[in-house]
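Only one structure is covered here, and it is reproduced in the block below.
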Amino acid sequence: MNSNPISNTSNASTDLRAFIRTYTKQWKWFVLCVLVALICAFLYIRYATEEYEVRAKIQFLDVAGDASGLNVLGDLGLAGGGTNKIEDEIELIRSRSNLIESIKDLGLHTKILALGNIKNSELYHNRPFNINYFAPDSVLFNTSYEFFIELSTETTIGFGESKDSPLQVYSFGKNIATPIGDIVITPNLENFKKYLGQNYKVTITPVATLAEIYQEVISIAPAGDNTNIVNIRMNVAVPQKGMDLINSLIETYNENVVLDKKIIADRTSDFINDRIGKIASSLSSVDESAQEFKTGRGITDIASEANINLNIGAANRQDLENASVQLDIASSMKDIVESQEGFEVLPSNIGLSDASIANTTARYNELVLERKRLLKSSNEKNPIIVNLDQQLASLKRSMETSLNSVTNNLALTVNNLSSQQSRINSRIYSVPQNERALRDITRQQQTTEALYLYLLQKREESQIAYASAKPKSKTIDSAYSTKDPVSPNIPVIFFTSFVLGLIVPFSVIYVHSILDNKIHNKIELERLVTNVPVLAELPKLSKKDNTFIVKDDRSVLAESLRILRTNLDYLIKTKRSGGTKGNVIFVTSSVPGEGKTFLSSNLAMILSSTNKKVILIGADIRNPKLYSFFTGKNVDKLGVTAGQKGTIGLTDFLYDQKLEPRDIISSMLVHKNTIDVIYSGKIPPNPAELIMSERLSGLFREMSEKYDYVIVDTAPLMVVTDTLLISEHADQILYVTRAGVTEKKVLDFPLKLRKEGKLKGLSFIVNDVKDANLGYGGGYGYGYGRHSRKWWRFN
């Protein structure tokens with residue numbers, strides 16, 4: 001773990017710079033994509049159909065409840081509970097049925113488009129012609145059909161069912177047969193002449209489909225929290241069309257609300273009238289029952305009659321008591337009189353109501369008292385006393401008769417009064433029962449009457465509600481359109497296009513960098529092989545560039561090779577030991593085509609330019625390529641002629657024991673640089689066995705002693721084992737990778753061999769690096785000292 005914070009910061013900064021440079025080096029693509037995106041945005045804005053925002057504002061009245069008198073249904077239990085909400089009213093406004101009705105009223109199912117070269121424009125009010133349909137509305141409103149019209153002359157038109165089909169000529173006002181029935185087209189004289197020669201497309205859309213489209217387009221939302229005001233918005237290409245639709249939608253909503261209220265009021269009135277008829281009949285029946293009850297029982301007013309009976313009963317009871325007392329007195333008096341043997345004083349003033357008896361008793365008592373006085377002085381035979389006795393006897397008989405008569409009369413009176421009292425008591429005792437029965441009838445009568453009166457009242461209320469039905473919303477702002485179009489939004493489109501122009505190449509580069517598993521430059525390779533030096537990177541050559549460097553070459557390739565020469569010399573000097581020169585340099589790669597032969601040849605050239613003795617050996621005996629580099633007008637053969645394919649070379653030397661090293665060496669003058677070359681020779685049938693010959697070891701030793709540098713172009717390491725078989729002779733192994741070709745995972749193979757000790761002195765080279773990917777030297781030092789006039793400078 002690296003504990004150096006400075007190092008960590010440096011690595012992070014390097015990674016960030018590398019990440020940024022991944023995109024900045026592709027600035028041309030960013031500029032191109034932004035320009036293309038802005039051009040596309042301009043063309044879109046130029047030919048896009050402009051849309052305007054149509055707005056309206058309304059206020060819902062009494063959304064919590066209906067105060068117009070239709071609460072009758074709530075009182076009667078005919079309407080459900082709950083309160084209306086603004087959301088419910090919004091859904092009602094933009095309901096499919098309301099939209100269909102508005103579309104039919106405005107005729108929006110028919111759309112006329114003026115055809116243009118790129119975009120079409122809709123004609124709404126100022127149409128050059130009118131279309132009359134003979135088909136019934138039930139067919140027309142559910143039909144999808146389109147046709148094309150050309151205003152040929154002032155009297156004729158061209159009609160066709162497709163844009164490319166030939167048009168049939170018809171006169172204005174003539175019936176035109178179509179799949180939806182006959183139609184008649186008449187000119188609109190106010191706007192006709194300026195439209196002559198133009199083509200038009202007429203589209204008929206089912207109203208149900210249009211309603212669903214407008215449901216998505218129209219936006220209705222409350223203006224704020226806790227408010228009954230809502231905003232209605234929609235974007236349309238024809239502002240007047242949108243204004244008409246929104247105004248019609250509001251009007252249709254209000255009309256439907258009023259109509260609903262009137263329907264409810266009518267329903268309420270019908271219900272109440274029906275109930276009133278039934279209750280009136282019930283009330284009449286109850287009244288008749290009360291009449292029959294009173295008539296049958298002789299009752300007019302139970303309370304009054306009860307009071308009368310009570311008073312009569314009390315009086316009768318008093319009379320009965322008086323009569324009973326009189327009867328008792330009379331009976332007692334009668335018994336006294338009848339039981340009296342002589343003449344004794346009788347009780348007087350005993351309360352008998354008969355005055356004759358009282359008078360007779362008083363006279364009788366006077367005579368008795370007189371007789372008693374006379375008896376005191378005479379006897380009973382005294383004529384006066386006898387006369388008194390006769391008078392007393394007569395009075396006694398008269399008294400008995402009177403008492404009998406009074407007793408009989410009083411007994412009869414008592415009996416009559418008792419019977420009368422019984423009848424009175426019977427009537428009094430029957431009052432609660434009659435009162436209860438009559439109360440039941442009266443209660444039913446009152447209930448029916450109250451309901452009857454209630455329904456009469458509600459009928460009047462429903463009629464008032466019917467007469468006073470009003471809309472549920474009030475228009476605050478009628479539909480109006482914005483002055484400037486809201487779509488296309490030019491700043492947003494240009495900004496979005498600009499951002500999209502940046503995002504597209506960024507995304508492509510990002511995805512490419514994620515999916516890319518190739519090596520691209522020296523810096524990237526150094527991150528992967530931290531313990532192995534990366535000596536140099538060679539630029540990618542165009543078809544016009546020379547594959548060989550020349551003397552005093554100031555190209556990027558030449559400078560890259562000089563950097564490689566410097567780094568290689570440093571490695572050779574630091575690893576030279578035991579008196580060995582350490583100058584045997586193997587050049588290999590993973591697979592063919594990565595540029596090892598190209599590097600071997602140019603490395604030999606750059607080393608020889610310092611007046612060093614260099615020999616280049618072609619050890620790739622399976623697929624020799626050196627001969628293809630050392631041919632042409634810039635190559636002069638100074639020694640053994642061995643420049644053609646099939647001449648003697650390394651394989652001939654290894655196979656023929658008679659050949660000496662000098663026999664296979666060819667001296668070359670290439671661009672004024674002299675080098676010696678040993679070609680691969682003929683391709684042998686047993687290359688692996690041949691390359692293991694001891695003669696090859698002796699050749700390497702002899703060449704190492706004789707030359708300053710021995711460059712060996714070997715076979716690819718991952719394809720054949722030839723290089724591994726002779727790797728022990730190498731002091732330095734230059735492993736060539738090709739930018740954009742060599743995969744990162746391939747590097748594990750040479751690193752593993754190095755770890756196992758099978759490759760010594762391993763170093764890496766990156767070949768074919770694009771100018772934009774060149775690392776340190778490409779950014780600063782390549783071509784240093786050369787000055788060229790920029791194309792934009794004229795002086």
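Here's how to read the names in the structure tokens: chain A, B, ... by the order shown, residue numbers from 1 in each chain, ligand numbers from 1 in the order shown.
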
Selection near Glu743 (chain A), 6 Å with only C-alpha atoms, sequence-local residues under 2 positions removed, as a PyMOL selection string: chain A and resi 517-518+745-746

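Around Leu762 (chain A), within 8 Å and counting only C-alpha atoms, the residues found are Val532, Pro533, Gln732, Ile733, Leu734, Tyr735, Arg754 and Leu759 of chain A, once anything fewer than 3 positions away on its own chain is removed.
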
Preceding selection exported with C-alpha atoms as a compact mmCIF listing (two decimals), in the first residue's frame:
# COMPACT_ATOMS: atom_id res chain seq x y z
CA VAL A 532 8.39 -3.69 -16.66
CA PRO A 533 9.77 -0.68 -18.55
CA GLN A 732 17.20 -7.50 -24.08
CA ILE A 733 13.77 -8.53 -25.33
CA LEU A 734 11.69 -5.80 -26.91
CA TYR A 735 8.03 -6.90 -26.84
CA ARG A 754 9.09 -13.17 -17.20
CA LEU A 759 12.16 -14.09 -20.55

Show me, as a compact mmCIF listing (two decimals) with N, CA, C and O atoms, in the first residue's frame, the residues that have an atom within 7 Å of His520 (chain A) when counting only C-alpha atoms, minus same-chain residues fewer than 5 positions from it.
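Listing of result.txt after writing:
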# COMPACT_ATOMS: atom_id res chain seq x y z
N ALA A 739 -1.02 -0.49 -30.96
CA ALA A 739 -2.15 0.29 -30.44
C ALA A 739 -3.42 -0.05 -31.21
O ALA A 739 -3.43 -0.08 -32.45
N GLY A 740 -4.49 -0.30 -30.46
CA GLY A 740 -5.77 -0.61 -31.07
C GLY A 740 -5.89 -2.03 -31.56
O GLY A 740 -6.94 -2.41 -32.09
N VAL A 769 0.73 4.13 -32.76
CA VAL A 769 -0.07 4.99 -31.89
C VAL A 769 -0.55 6.20 -32.68
O VAL A 769 0.24 6.87 -33.36
N ASN A 773 -3.20 10.09 -29.49
CA ASN A 773 -2.96 9.26 -28.31
C ASN A 773 -1.50 9.25 -27.88
O ASN A 773 -1.16 8.58 -26.90

Per DSSP on the backbone, filter region 112-201 of chain A down to the residues in strand (DSSP E or B) and report them as a ChimeraX atom specification. /A:112-114,121-123,129-133,145-150,156-160,168-171,175-176,183-187,199-201
